[in-house]
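One structure is given below, encoded as structure tokens.
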Amino acid sequence: MSIRTRLFAATYDRFIAKTEAAGLAAHRAALLTGATGRTLEIGGGTGANLTHYGPAVESLSDQPRAVGELRRVLRPGGRLLFVEHLRSGDERTARMQDRLNWLNRLVVCCDCNRPTLDTLRAAGFRLDQVMRTELPGAPPFARPLAVGSAVVVAVAA
């Protein structure tokens with residue numbers, strides 16, 4: 001594991017504490033109270049798991065592929081709950097996200113400029129509930145956030 005990854009895992013909880021207190025924790029709680037049955041959680045969360053991964057594990061490099069896999073393993077009618085960065089609908093902010101995404105990847109090991117909702121639709125999910133909001137306390141380019149659920153669309157026979 002790289003020194004950067006070890007440092008990230010060791011400091012992430014303190015780094016994100018103000019954002020959690022400013023509203024991210026409430027988004028998580030509101031979203032996850034509806035989770036039932038078998039649940040598959042993906043993502044680094046607070047980074048607590050990072051120390052257990054080898055050096056080849058980082059943020060998803062291919063979001064469409066990962067979402068496709070989620071679609072594959074969920075049954076028709078299965079729900080995907082997400083709190084995820086979102087490419088801004090404001091063109092100026094979207095350009096800033098593109099320019100500064102390298103910094104976001106360096107500091108918090110994730111991408112802030114992905115077209116997450118479009119990716120979900122393209123993979124065969126129907127967006128069920130989506131709240132477009134902001135990641136509290138984050139820099140402007142990393143603020144656009146989507147909190148919601150998507151349902152696997154049954155494939156017609």
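In the structure tokens, each chain is lettered A, B, ... as it comes, each chain's residues begin at 1, and ligands are numbered from 1 in order of appearance.
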Residue contacts of stretch 14-23 of chain A (12 Å, only C-alpha atoms) excluding same-chain residues fewer than 5 positions away, as number ranges by chain: A: 7-9, 28-30, 45-47, 107-108, 133-139, 142-143, 145, 147
Next, write the just-selected residues to a file, as a short mmCIF file (atom, residue, chain, number, x, y, z; two decimals), in the first residue's frame, keeping N, CA and C atoms as the atom set.
```cif
data_model
loop_
_atom_site.label_atom_id
_atom_site.label_comp_id
_atom_site.auth_asym_id
_atom_site.auth_seq_id
_atom_site.Cartn_x
_atom_site.Cartn_y
_atom_site.Cartn_z
N LEU A 7 -1.83 7.40 4.44
CA LEU A 7 -2.11 8.71 5.02
C LEU A 7 -3.60 9.05 4.87
N PHE A 8 -4.14 8.78 3.69
CA PHE A 8 -5.56 9.03 3.44
C PHE A 8 -6.43 8.25 4.42
N ALA A 9 -6.16 6.97 4.58
CA ALA A 9 -6.96 6.13 5.48
C ALA A 9 -6.85 6.60 6.93
N ARG A 28 -26.78 10.42 4.67
CA ARG A 28 -26.56 8.98 4.81
C ARG A 28 -27.68 8.33 5.61
N ALA A 29 -28.00 8.93 6.75
CA ALA A 29 -29.02 8.36 7.62
C ALA A 29 -30.37 8.30 6.92
N ALA A 30 -30.76 9.37 6.26
CA ALA A 30 -32.06 9.40 5.57
C ALA A 30 -32.12 8.37 4.45
N GLY A 45 -16.30 4.63 1.69
CA GLY A 45 -16.83 5.20 2.92
C GLY A 45 -15.80 6.10 3.59
N THR A 46 -15.53 5.86 4.84
CA THR A 46 -14.59 6.70 5.57
C THR A 46 -13.14 6.30 5.35
N GLY A 47 -12.93 5.30 4.52
CA GLY A 47 -11.56 4.88 4.24
C GLY A 47 -11.04 3.84 5.20
N VAL A 107 -6.39 14.31 -3.26
CA VAL A 107 -6.70 14.60 -1.87
C VAL A 107 -7.66 13.59 -1.26
N VAL A 108 -8.75 13.26 -1.95
CA VAL A 108 -9.77 12.38 -1.36
C VAL A 108 -10.02 11.10 -2.15
N THR A 133 -28.21 17.81 -4.41
CA THR A 133 -27.86 18.67 -3.30
C THR A 133 -26.38 19.00 -3.40
N GLU A 134 -25.79 19.42 -2.32
CA GLU A 134 -24.37 19.75 -2.30
C GLU A 134 -23.69 19.02 -1.15
N LEU A 135 -22.44 18.71 -1.35
CA LEU A 135 -21.61 18.13 -0.31
C LEU A 135 -21.21 19.27 0.62
N PRO A 136 -21.77 19.31 1.81
CA PRO A 136 -21.53 20.45 2.70
C PRO A 136 -20.05 20.61 3.03
N GLY A 137 -19.59 21.84 3.00
CA GLY A 137 -18.22 22.13 3.39
C GLY A 137 -17.17 21.80 2.36
N ALA A 138 -17.58 21.27 1.22
CA ALA A 138 -16.61 20.91 0.17
C ALA A 138 -16.31 22.13 -0.69
N PRO A 139 -15.18 22.12 -1.40
CA PRO A 139 -14.90 23.21 -2.33
C PRO A 139 -15.96 23.22 -3.44
N ALA A 142 -16.33 20.37 -5.96
CA ALA A 142 -16.64 19.03 -5.45
C ALA A 142 -18.00 18.97 -4.75
N ARG A 143 -18.76 20.05 -4.78
CA ARG A 143 -20.04 20.09 -4.06
C ARG A 143 -21.19 19.34 -4.71
N LEU A 145 -23.84 16.90 -5.63
CA LEU A 145 -24.04 15.60 -5.00
C LEU A 145 -25.43 15.09 -5.34
N VAL A 147 -28.21 12.18 -3.96
CA VAL A 147 -28.57 11.23 -2.92
C VAL A 147 -29.88 10.59 -3.38
#
```
Nearby residues (only C-alpha atoms) at most 7 Å from A:Val130, same-chain spacing under 2 positions excluded, as a PDB file with C-alpha atoms, in the first residue's frame:
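Dumped everything to around-v1.pdb:
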```pdb
ATOM      1  CA  LEU A 127     -34.007   6.547 -11.082  1.00  0.00           C
ATOM      2  CA  ASP A 128     -36.502   6.167  -8.263  1.00  0.00           C
ATOM      3  CA  ARG A 132     -29.671  16.916  -6.058  1.00  0.00           C
ATOM      4  CA  ALA A 146     -26.851  13.158  -5.693  1.00  0.00           C
ATOM      5  CA  VAL A 147     -28.573  11.228  -2.924  1.00  0.00           C
ATOM      6  CA  GLY A 148     -31.163   8.680  -3.953  1.00  0.00           C
ATOM      7  CA  SER A 149     -32.177   5.310  -5.199  1.00  0.00           C
TER       8      SER A 149
END
```
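In terms of minimum interatomic distance to A:Pro76, A:Gly124 ranks closest within A:Pro115, A:Pro144, A:Gly89, A:Gly124, counting only C-alpha atoms.
Relative to atom CA of A:Ala66, atom CA of A:Gly78 is found at 16.1 Å.
Checking A:Val155, A:Leu24, A:Arg4, A:Thr33 one by one against A:Phe125, counting only C-alpha atoms, you find the shortest gap at A:Val155.
For A:Gly77, the set of protein, DNA and RNA residues having any atom at most 10 Å away, when counting only C-alpha atoms and skipping those fewer than 3 positions along the same chain, is Leu74, Leu80, Phe125, Arg126, Ala150, Val151, Val152, Val153 and Ala154 of chain A.
What separates atom CA of A:Asn113 from atom CA of A:Gln97 is a distance of 5.5 Å.
If you look at atom CA of A:Met131 and atom CA of A:Leu32, they are 14.0 Å away from each other.
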Give me, as an NGL selection string, the residues of chain A that a backbone DSSP run labels alpha helix (DSSP H). :A and (3-19 or 25-32 or 63-73 or 91-108 or 116-122)
